[in-house]
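Inspection log for the structure reproduced underneath, given as structure tokens.
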Amino acid sequence: MVKLELKDLYDKFRDPATIKALAALIEKEAKRLSGPLNIMEVCGGHTHTIMKYGLKQLLPESIRFIHGPGCPVCIMPKERIDHAYILSQQENVILATLGDMIKVPGSRGSLQQARSQGADVRFVYSPLDVLKIALENPDKTVIFFAIGFETTTPMTAALLDQARKQGVKNLLFHVNHVTVPEVMKELIDSRDKHVDSYNNRIDAFIGPSHVSVIAGAKIYEPFPKKYDRSVVVSGFEPVDVMEGVLMLVKQFVEDRCDLQIQYKRSVTMEGNINAQQLIDRYFQKRELFKWRGLGNIPWSALMLRDEYAEMDAERVYADVLPIEEIEDHKLCICGDILRGMADPTECQVFGTACKPSSPMGSCMVSSEGACAAYYKYGGLM
Amino acid sequence: MCLSIPSKVVDIDRDEVTAIVDTMGVKRKVGIDFIADEVKKGDYVLIHIGYAMNVISEEDALDSIDTYREILELMEEEERKQTIMDGDRCDGR
Ligand code: SF4
């Protein structure tokens with residue numbers, strides 16, 4: 001077998017010539033389309049690739065991207081950020097969380113502000129680091145504020161699993177894991193209801209590969225079958241996204257509606273069974289979860305199983321965590337953006353009052369958010 | 001997207017269910033809970049937030065590279081040249 005060079009592997013997937021070649025093929029095929037093709041890229045990572053590499057500009061006008069809600073930070077409602085804030089204020093508590101979460105303002109402030117006021121808030125690269133923090137601080141309660149889609153859920157489950165195996169007693173979880181197919185269904189339904197205000201139907205989806213590395217491509221099976229929507233599971237490199245688009249265009253030209261995998265190099269129909277079993281062992285579906293800008297979506301999130309209630313910060317600290325819903329800033333149209341019904345540039349305060357340095361809404365805070373991507377790559381930097 | 005950068009497994013701690021991987025020359029410890037029964041030293045894995053998600057097959061990876069090469073080869077000489085020249089202006093990551 002030929003020796004695999006690391007450089008070879010990823011350089012190819014960003015190769016401008018290959019991207020252009022794919023664009024030319026798409027253009028050729030797209031001439032045979034009977035009308036516009038509206039593709040929703042569910043995941044913020046894809047939005048970023050599209051903006052960064054100017055993929056939109058390389059495609060014919062008939063192919064439109066609708067940016068989806070797949071940024072775990074952007075969809076977190078203020079009341080849950082408040083939970084994190086309040087937990088960080090509890091006596092003897094260390095609050096740990098991933099990435100951009102720390103900057104998002106809730107109604108009381110951001111976790112960053114909580115930290116500057118003396119709370120022990122730690123940003124971690126990986127849930128694996130949380131285990132270390134818990135082991136190093138046996139007399140403190142460490143709370144992991146867990147966020148993310150199917151991609152990060154198994155890591156939270158693995159952390160929980162290791163904590164139990166190693167007899168770690170001072171680690172609690174505030175679980176905010178959400179699931180992709182449920183929100184896709186909600187978007188299809190709500191857009192079908194709003195066709196008057198927004199004509200574009202979502203014709204097809206580009207599904208994020210990392211979700212399916214875990215959950216398998218099988219989670220999208222109902223979409224072509226039941227909802228008449230094509231799905232291609234695609235990787236994050238520009239070449240992957242372009243190839244995904246080409247596969248979708250071909251489906252429409254050939255009058256097919258299928259579930260296909262572009263990212264064959266690591267996505268299978270089945271996904272990672274070990275990870276799925278680990279998730280299943282510790283989590284159960286949550287009846288209702290409020291998504292920022294989208295409202296309550298049934299069965300769209302996970303919570304700890306009742307057997308592990310004593311590790312569930314939401315239950316342990318129930319008496320200090322409010323459950324009232326909080327409205328977003330009036331001018332912020334994050335909700336419409338998350339629904340794929342508006343572009344960031346349609347927001348009155350985009351790039352003026354709202355920038356990454358002074359974000360008014362969640363889509364500007366997270367680097368995966370559509371507003372942040374537009375700001376960064378839309379020539380406003 | 002960290003997931004797309006392959007890392008090479010250089011050491012495995014079975015008790016801790018972790019491995020040391022090399023990602024473009026950077027060494028770090030990652031969890032291997034999801035692939036513990038199949039991963040071995042020398043494998044290429046994809047990492048997501050500190051955990052190895054799957055072992056990637058060299059064959060598959062090379063296969064897809066070949067696909068892209070073929071796409072390029074399908075183009076007319078002139079078109080290909082133009083594409084490659086235009087492409088030079090793309091900044092890459
Ligand atoms: S630009 Fe800011 S205020 Fe406007 S929608 Fe985006 S995040 Fe909300």
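Letters for chains follow the order of the structure tokens (A, B, ...), residue numbers begin at 1 for each chain, and ligand numbers begin at 1 in the order shown.
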
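The contact shell of ligand 1, defined as all polymer residues within 8 Å when only C-alpha atoms and all ligand atoms are used, comprises His329, Leu331, Cys332, Ile333, Cys334, Gly335, Ile337, Pro344, Thr345, Glu346, Cys347, Gln348, Val349, Phe350, Gly351, Ala353, Cys354, Lys355, Pro359, Met360, Gly361, Ser362, Cys363, Met364, Val365, Ala370, Cys371 and Ala372 of chain A.
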
Would you put the residues from that selection into a file with N, CA and C atoms, as a CSV table (one decimal), in the first residue's frame?
```csv
chain,number,residue,atom,x,y,z
A,329,HIS,N,-33.1,40.4,22.6
A,329,HIS,CA,-33.1,41.9,22.2
A,329,HIS,C,-34.0,42.1,21.0
A,331,LEU,N,-34.0,44.1,18.4
A,331,LEU,CA,-33.5,44.3,17.1
A,331,LEU,C,-32.8,43.0,16.5
A,332,CYS,N,-32.4,42.1,17.4
A,332,CYS,CA,-31.7,40.9,17.0
A,332,CYS,C,-32.6,40.0,16.2
A,333,ILE,N,-32.2,39.6,15.0
A,333,ILE,CA,-33.0,38.7,14.2
A,333,ILE,C,-32.3,37.3,14.2
A,334,CYS,N,-31.5,37.0,15.2
A,334,CYS,CA,-30.9,35.7,15.2
A,334,CYS,C,-31.9,34.5,15.0
A,335,GLY,N,-33.1,34.7,15.5
A,335,GLY,CA,-34.1,33.7,15.4
A,335,GLY,C,-34.4,33.4,13.9
A,337,ILE,N,-32.5,34.1,11.5
A,337,ILE,CA,-31.2,33.6,10.8
A,337,ILE,C,-31.1,32.1,11.1
A,344,PRO,N,-27.6,37.5,7.8
A,344,PRO,CA,-27.1,38.4,8.8
A,344,PRO,C,-27.2,39.9,8.3
A,345,THR,N,-26.9,40.1,7.0
A,345,THR,CA,-26.9,41.5,6.5
A,345,THR,C,-28.2,42.1,6.6
A,346,GLU,N,-29.3,41.3,6.8
A,346,GLU,CA,-30.6,41.9,6.9
A,346,GLU,C,-30.9,42.5,8.3
A,347,CYS,N,-30.0,42.3,9.2
A,347,CYS,CA,-30.2,42.8,10.6
A,347,CYS,C,-29.7,44.2,10.6
A,348,GLN,N,-30.6,45.1,11.2
A,348,GLN,CA,-30.3,46.5,11.3
A,348,GLN,C,-29.0,46.9,11.9
A,349,VAL,N,-28.6,46.1,12.9
A,349,VAL,CA,-27.4,46.5,13.7
A,349,VAL,C,-26.2,45.6,13.4
A,350,PHE,N,-26.3,44.8,12.3
A,350,PHE,CA,-25.2,44.0,11.9
A,350,PHE,C,-24.0,44.8,11.5
A,351,GLY,N,-22.9,44.6,12.1
A,351,GLY,CA,-21.6,45.3,11.8
A,351,GLY,C,-21.5,46.7,12.3
A,353,ALA,N,-23.9,48.3,15.6
A,353,ALA,CA,-23.9,48.1,17.1
A,353,ALA,C,-23.5,46.7,17.5
A,354,CYS,N,-23.7,45.8,16.5
A,354,CYS,CA,-23.4,44.4,16.8
A,354,CYS,C,-22.2,43.9,16.0
A,355,LYS,N,-21.1,43.6,16.7
A,355,LYS,CA,-19.9,43.1,16.2
A,355,LYS,C,-19.3,42.0,17.1
A,359,PRO,N,-21.0,41.9,20.9
A,359,PRO,CA,-22.1,41.1,20.3
A,359,PRO,C,-23.5,41.4,21.0
A,360,MET,N,-24.5,41.6,20.2
A,360,MET,CA,-25.8,41.8,20.8
A,360,MET,C,-26.6,40.4,20.8
A,361,GLY,N,-26.2,39.6,19.9
A,361,GLY,CA,-26.9,38.3,19.8
A,361,GLY,C,-25.9,37.2,19.8
A,362,SER,N,-26.5,36.0,20.0
A,362,SER,CA,-25.6,34.8,20.1
A,362,SER,C,-24.9,34.5,18.8
A,363,CYS,N,-25.5,34.8,17.6
A,363,CYS,CA,-24.9,34.4,16.3
A,363,CYS,C,-23.7,35.2,16.0
A,364,MET,N,-23.5,36.3,16.8
A,364,MET,CA,-22.3,37.1,16.6
A,364,MET,C,-21.2,36.6,17.6
A,365,VAL,N,-21.6,36.0,18.7
A,365,VAL,CA,-20.6,35.6,19.7
A,365,VAL,C,-19.7,34.4,19.3
A,370,ALA,N,-23.6,32.4,12.2
A,370,ALA,CA,-23.6,32.9,10.9
A,370,ALA,C,-23.2,34.4,10.9
A,371,CYS,N,-23.6,35.2,11.9
A,371,CYS,CA,-23.3,36.6,11.9
A,371,CYS,C,-21.8,36.8,12.0
A,372,ALA,N,-21.2,36.0,12.9
A,372,ALA,CA,-19.7,36.1,13.0
A,372,ALA,C,-19.0,35.7,11.7
```

For this session: Pick out the residues sitting within 9 Å of A:Tyr377, and hand them over as a list in words; count only C-alpha atoms, and ignore anything fewer than 6 positions along from it in its own chain.
Result: His48, Met51, Lys52, Tyr53 and Gly54 of chain A

Write out the residues from the selection above, keeping N, CA, C and O atoms, as a short mmCIF file (atom, residue, chain, number, x, y, z; two decimals), in the first residue's frame.
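The result, stored in part.cif:
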```cif
data_model
loop_
_atom_site.label_atom_id
_atom_site.label_comp_id
_atom_site.auth_asym_id
_atom_site.auth_seq_id
_atom_site.Cartn_x
_atom_site.Cartn_y
_atom_site.Cartn_z
N HIS A 48 -19.13 28.41 7.83
CA HIS A 48 -17.81 29.01 7.85
C HIS A 48 -16.99 28.68 6.60
O HIS A 48 -16.35 29.54 6.02
N MET A 51 -18.35 30.64 3.64
CA MET A 51 -17.97 32.06 3.67
C MET A 51 -16.47 32.22 3.43
O MET A 51 -16.04 33.05 2.66
N LYS A 52 -15.70 31.43 4.13
CA LYS A 52 -14.25 31.60 4.08
C LYS A 52 -13.68 31.39 2.67
O LYS A 52 -12.80 32.11 2.24
N TYR A 53 -14.20 30.40 2.00
CA TYR A 53 -13.66 30.10 0.67
C TYR A 53 -14.50 30.71 -0.45
O TYR A 53 -14.28 30.41 -1.62
N GLY A 54 -15.47 31.53 -0.07
CA GLY A 54 -16.29 32.19 -1.07
C GLY A 54 -16.99 31.21 -2.00
O GLY A 54 -17.13 31.45 -3.19
#
```

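Distance check against B:Phe34 using only C-alpha atoms: of A:Ile261, A:Ala158, A:Ala318, A:Ile206, the minimum falls on A:Ala158.
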
Each residue of chain A with at least one atom at most 8 Å from chain B should appear once, together with its nearest atom pair and the corresponding distance in Å (one decimal); atoms considered: only C-alpha atoms; ordering: chain, then increasing residue number; output as a Markdown table.
```
| residue | atom | partner | partner_atom | distance |
| --- | --- | --- | --- | --- |
| A:Met1 | CA | B:Glu59 | CA | 7.9 |
| A:Leu4 | CA | B:Glu58 | CA | 6.3 |
| A:Leu6 | CA | B:Pro6 | CA | 7.0 |
| A:Leu9 | CA | B:Ala61 | CA | 7.0 |
| A:Tyr10 | CA | B:Ile5 | CA | 6.8 |
| A:Lys12 | CA | B:Ile65 | CA | 6.7 |
| A:Phe13 | CA | B:Ile65 | CA | 8.0 |
| A:Arg14 | CA | B:Gly92 | CA | 6.5 |
| A:Asp15 | CA | B:Gly92 | CA | 7.7 |
| A:Pro16 | CA | B:Gly87 | CA | 4.5 |
| A:Ala17 | CA | B:Ile84 | CA | 4.7 |
| A:Thr18 | CA | B:Leu72 | CA | 6.3 |
| A:Lys20 | CA | B:Thr83 | CA | 6.0 |
| A:Ala21 | CA | B:Leu72 | CA | 6.1 |
| A:Leu22 | CA | B:Ile71 | CA | 7.3 |
| A:Gly45 | CA | B:Met1 | CA | 7.3 |
| A:Tyr53 | CA | B:Cys90 | CA | 7.8 |
| A:Tyr125 | CA | B:Ile49 | CA | 6.4 |
| A:Ser126 | CA | B:Ile49 | CA | 4.9 |
| A:Pro127 | CA | B:Gly50 | CA | 7.3 |
| A:Leu128 | CA | B:Gly50 | CA | 6.7 |
| A:Thr151 | CA | B:His48 | CA | 7.9 |
| A:Thr152 | CA | B:Ile49 | CA | 7.5 |
| A:Met155 | CA | B:Tyr51 | CA | 7.0 |
| A:Ala158 | CA | B:Asp33 | CA | 6.6 |
| A:His210 | CA | B:Leu3 | CA | 7.1 |
| A:Val213 | CA | B:Met53 | CA | 7.3 |
| A:Ile214 | CA | B:Met53 | CA | 7.5 |
| A:Gly235 | CA | B:Ser4 | CA | 7.8 |
| A:Phe236 | CA | B:Met1 | CA | 6.8 |
| A:Glu237 | CA | B:Ser4 | CA | 7.8 |
| A:Lys264 | CA | B:Asp60 | CA | 7.4 |
| A:Arg265 | CA | B:Asp60 | CA | 5.4 |
| A:Ser266 | CA | B:Ile56 | CA | 6.3 |
| A:Asn272 | CA | B:Phe34 | CA | 7.2 |
| A:Asn274 | CA | B:Phe34 | CA | 5.3 |
| A:Ala275 | CA | B:Phe34 | CA | 5.3 |
```

At a cut-off of 12 Å, using only C-alpha atoms, what residues contact A:Pro298? Leave out same-chain residues fewer than 6 positions from it and give the result as an mmCIF file with N, CA, C and O atoms, in the first residue's frame.
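In the end it all went to part.cif:
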```
data_model
loop_
_atom_site.group_PDB
_atom_site.id
_atom_site.type_symbol
_atom_site.label_atom_id
_atom_site.label_comp_id
_atom_site.auth_asym_id
_atom_site.auth_seq_id
_atom_site.Cartn_x
_atom_site.Cartn_y
_atom_site.Cartn_z
ATOM 1 N N VAL A 178 -28.040 18.836 22.312
ATOM 2 C CA VAL A 178 -29.198 18.890 21.415
ATOM 3 C C VAL A 178 -28.971 17.973 20.210
ATOM 4 O O VAL A 178 -27.840 17.552 19.954
ATOM 5 N N THR A 179 -30.045 17.677 19.499
ATOM 6 C CA THR A 179 -29.943 16.706 18.410
ATOM 7 C C THR A 179 -30.377 17.301 17.071
ATOM 8 O O THR A 179 -31.324 18.096 17.012
ATOM 9 N N PRO A 181 -31.528 15.895 13.897
ATOM 10 C CA PRO A 181 -32.706 15.569 13.078
ATOM 11 C C PRO A 181 -33.983 16.268 13.556
ATOM 12 O O PRO A 181 -34.797 16.693 12.737
ATOM 13 N N GLU A 182 -34.131 16.409 14.879
ATOM 14 C CA GLU A 182 -35.354 17.023 15.408
ATOM 15 C C GLU A 182 -35.464 18.482 14.968
ATOM 16 O O GLU A 182 -36.539 18.963 14.629
ATOM 17 N N VAL A 183 -34.327 19.192 14.982
ATOM 18 C CA VAL A 183 -34.406 20.597 14.575
ATOM 19 C C VAL A 183 -34.613 20.703 13.062
ATOM 20 O O VAL A 183 -35.296 21.596 12.573
ATOM 21 N N LYS A 185 -36.425 18.661 11.283
ATOM 22 C CA LYS A 185 -37.862 18.445 11.105
ATOM 23 C C LYS A 185 -38.639 19.711 11.427
ATOM 24 O O LYS A 185 -39.539 20.123 10.697
ATOM 25 N N GLU A 186 -38.258 20.332 12.534
ATOM 26 C CA GLU A 186 -38.933 21.561 12.959
ATOM 27 C C GLU A 186 -38.792 22.641 11.882
ATOM 28 O O GLU A 186 -39.745 23.355 11.574
ATOM 29 N N LYS A 285 -33.927 11.078 26.242
ATOM 30 C CA LYS A 285 -34.466 12.222 25.498
ATOM 31 C C LYS A 285 -35.183 13.165 26.457
ATOM 32 O O LYS A 285 -35.867 12.718 27.376
ATOM 33 N N ARG A 286 -35.042 14.449 26.195
ATOM 34 C CA ARG A 286 -35.727 15.459 26.995
ATOM 35 C C ARG A 286 -37.015 15.834 26.271
ATOM 36 O O ARG A 286 -36.983 16.077 25.057
ATOM 37 N N GLU A 287 -38.098 15.902 27.014
ATOM 38 C CA GLU A 287 -39.390 16.088 26.368
ATOM 39 C C GLU A 287 -39.462 17.387 25.580
ATOM 40 O O GLU A 287 -39.981 17.429 24.468
ATOM 41 N N LEU A 288 -38.922 18.441 26.161
ATOM 42 C CA LEU A 288 -38.995 19.744 25.503
ATOM 43 C C LEU A 288 -37.700 20.499 25.769
ATOM 44 O O LEU A 288 -37.178 20.450 26.880
ATOM 45 N N PHE A 289 -37.184 21.149 24.752
ATOM 46 C CA PHE A 289 -36.003 21.987 24.962
ATOM 47 C C PHE A 289 -36.202 23.263 24.171
ATOM 48 O O PHE A 289 -36.591 23.220 23.003
ATOM 49 N N LYS A 290 -35.943 24.399 24.824
ATOM 50 C CA LYS A 290 -36.110 25.660 24.101
ATOM 51 C C LYS A 290 -34.820 26.012 23.380
ATOM 52 O O LYS A 290 -33.753 26.061 23.995
ATOM 53 N N TRP A 291 -34.949 26.224 22.065
ATOM 54 C CA TRP A 291 -33.815 26.665 21.262
ATOM 55 C C TRP A 291 -33.944 28.175 21.108
ATOM 56 O O TRP A 291 -35.039 28.673 20.829
#
```

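When DSSP is run on the backbone, the residues of stretch 96-226 of chain A that fall into strand (DSSP E or B) are Ala96, Thr97, Leu98, Asp120, Val121, Arg122, Phe123, Val124, Thr141, Val142, Ile143, Phe144, Phe145, Ala146, Ile147, Gly148, Leu171, Leu172, Phe173, His174, Val175, Asn176, His177, Val178, Ala204, Phe205, Ile206, Gly207 and Pro208 of chain A.
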
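Interatomic distance, atom CA of A:Gln117 to atom CA of A:Met101: 17.2 Å.
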
Problem set entry | DSSP-assigned alpha helix (DSSP H) members of stretch 68-266 of chain A, reported as JSON, numbers by chain | {"A": [78, 79, 80, 81, 82, 83, 84, 85, 86, 87, 88, 89, 111, 112, 113, 114, 115, 116, 127, 128, 129, 130, 131, 132, 133, 134, 135, 136, 153, 154, 155, 156, 157, 158, 159, 160, 161, 162, 163, 164, 165, 180, 181, 182, 183, 184, 185, 186, 187, 188, 189, 190, 191, 192, 193, 209, 210, 211, 212, 213, 214, 215, 222, 223, 224, 225, 226, 238, 239, 240, 241, 242, 243, 244, 245, 246, 247, 248, 249, 250, 251, 252, 253]}

Could you write out that same residue set with C-alpha atoms as an mmCIF file, in the first residue's frame?
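Okay, this is what ended up in part-v8.cif:
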```cif
data_model
loop_
_atom_site.group_PDB
_atom_site.id
_atom_site.type_symbol
_atom_site.label_atom_id
_atom_site.label_comp_id
_atom_site.auth_asym_id
_atom_site.auth_seq_id
_atom_site.Cartn_x
_atom_site.Cartn_y
_atom_site.Cartn_z
ATOM 1 C CA LYS A 78 -30.433 33.053 27.794
ATOM 2 C CA GLU A 79 -32.094 31.243 30.656
ATOM 3 C CA ARG A 80 -29.660 28.359 30.336
ATOM 4 C CA ILE A 81 -26.671 30.689 30.153
ATOM 5 C CA ASP A 82 -28.077 32.182 33.345
ATOM 6 C CA HIS A 83 -28.025 28.706 34.836
ATOM 7 C CA ALA A 84 -24.310 28.482 34.131
ATOM 8 C CA TYR A 85 -23.811 31.947 35.596
ATOM 9 C CA ILE A 86 -25.754 31.114 38.741
ATOM 10 C CA LEU A 87 -23.981 27.790 39.177
ATOM 11 C CA SER A 88 -20.627 29.530 38.939
ATOM 12 C CA GLN A 89 -21.704 31.753 41.853
ATOM 13 C CA LEU A 111 -19.326 33.580 32.271
ATOM 14 C CA GLN A 112 -16.322 35.720 31.459
ATOM 15 C CA GLN A 113 -17.841 38.483 33.580
ATOM 16 C CA ALA A 114 -18.623 36.006 36.328
ATOM 17 C CA ARG A 115 -14.982 35.013 36.269
ATOM 18 C CA SER A 116 -13.711 38.573 36.409
ATOM 19 C CA PRO A 127 -14.058 17.124 28.572
ATOM 20 C CA LEU A 128 -10.991 15.036 29.375
ATOM 21 C CA ASP A 129 -9.557 18.143 31.077
ATOM 22 C CA VAL A 130 -12.617 18.330 33.339
ATOM 23 C CA LEU A 131 -11.742 14.972 34.858
ATOM 24 C CA LYS A 132 -8.325 16.342 35.729
ATOM 25 C CA ILE A 133 -9.818 19.429 37.343
ATOM 26 C CA ALA A 134 -12.159 17.267 39.432
ATOM 27 C CA LEU A 135 -9.300 14.999 40.548
ATOM 28 C CA GLU A 136 -7.099 17.959 41.442
ATOM 29 C CA THR A 153 -22.446 14.199 23.486
ATOM 30 C CA PRO A 154 -20.354 11.005 23.551
ATOM 31 C CA MET A 155 -17.432 12.883 25.097
ATOM 32 C CA THR A 156 -19.686 14.019 27.935
ATOM 33 C CA ALA A 157 -20.841 10.416 28.316
ATOM 34 C CA ALA A 158 -17.225 9.204 28.300
ATOM 35 C CA LEU A 159 -16.328 11.762 30.956
ATOM 36 C CA LEU A 160 -19.217 10.607 33.104
ATOM 37 C CA ASP A 161 -18.237 7.002 32.552
ATOM 38 C CA GLN A 162 -14.607 7.600 33.545
ATOM 39 C CA ALA A 163 -15.652 9.660 36.567
ATOM 40 C CA ARG A 164 -17.780 6.758 37.795
ATOM 41 C CA LYS A 165 -15.107 4.174 37.058
ATOM 42 C CA VAL A 180 -29.850 17.540 14.707
ATOM 43 C CA PRO A 181 -32.706 15.569 13.078
ATOM 44 C CA GLU A 182 -35.354 17.023 15.408
ATOM 45 C CA VAL A 183 -34.406 20.597 14.575
ATOM 46 C CA MET A 184 -34.308 19.760 10.854
ATOM 47 C CA LYS A 185 -37.862 18.445 11.105
ATOM 48 C CA GLU A 186 -38.933 21.561 12.959
ATOM 49 C CA LEU A 187 -37.385 23.774 10.269
ATOM 50 C CA ILE A 188 -39.147 21.919 7.481
ATOM 51 C CA ASP A 189 -42.500 22.124 9.272
ATOM 52 C CA SER A 190 -42.229 25.749 10.270
ATOM 53 C CA ARG A 191 -41.082 26.875 6.825
ATOM 54 C CA ASP A 192 -43.859 24.953 5.159
ATOM 55 C CA LYS A 193 -46.234 26.877 7.422
ATOM 56 C CA SER A 209 -19.950 14.756 8.796
ATOM 57 C CA HIS A 210 -18.787 14.852 12.402
ATOM 58 C CA VAL A 211 -22.335 14.297 13.652
ATOM 59 C CA SER A 212 -22.592 11.217 11.488
ATOM 60 C CA VAL A 213 -19.145 9.914 12.412
ATOM 61 C CA ILE A 214 -20.865 9.326 15.759
ATOM 62 C CA ALA A 215 -24.546 8.906 15.047
ATOM 63 C CA PRO A 222 -36.553 9.715 7.284
ATOM 64 C CA PHE A 223 -35.745 12.875 5.306
ATOM 65 C CA PRO A 224 -35.760 11.509 1.757
ATOM 66 C CA LYS A 225 -38.372 8.893 2.645
ATOM 67 C CA LYS A 226 -40.884 10.814 4.717
ATOM 68 C CA PRO A 238 -14.209 23.257 0.784
ATOM 69 C CA VAL A 239 -13.683 20.354 -1.597
ATOM 70 C CA ASP A 240 -16.024 18.257 0.544
ATOM 71 C CA VAL A 241 -18.736 20.906 0.540
ATOM 72 C CA MET A 242 -18.465 21.404 -3.227
ATOM 73 C CA GLU A 243 -18.617 17.697 -3.862
ATOM 74 C CA GLY A 244 -21.650 17.517 -1.568
ATOM 75 C CA VAL A 245 -23.357 20.237 -3.593
ATOM 76 C CA LEU A 246 -22.542 18.421 -6.816
ATOM 77 C CA MET A 247 -24.094 15.226 -5.463
ATOM 78 C CA LEU A 248 -27.263 17.114 -4.538
ATOM 79 C CA VAL A 249 -27.503 18.820 -7.925
ATOM 80 C CA LYS A 250 -27.174 15.449 -9.613
ATOM 81 C CA GLN A 251 -29.971 14.042 -7.486
ATOM 82 C CA PHE A 252 -32.279 16.830 -8.651
ATOM 83 C CA VAL A 253 -31.233 16.610 -12.269
#
```

Problem set entry | Selection near stretch 69-71 of chain A, 8 Å with only C-alpha atoms, sequence-local residues under 2 positions removed, as a PyMOL selection string | chain A and resi 42-45+67+73-75+148+180+337-340+366+368-369

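Distances from A:Asp280, A:Tyr263, A:Met76, A:Glu325 to A:Pro105 were compared using only C-alpha atoms, and the smallest one belongs to A:Met76.
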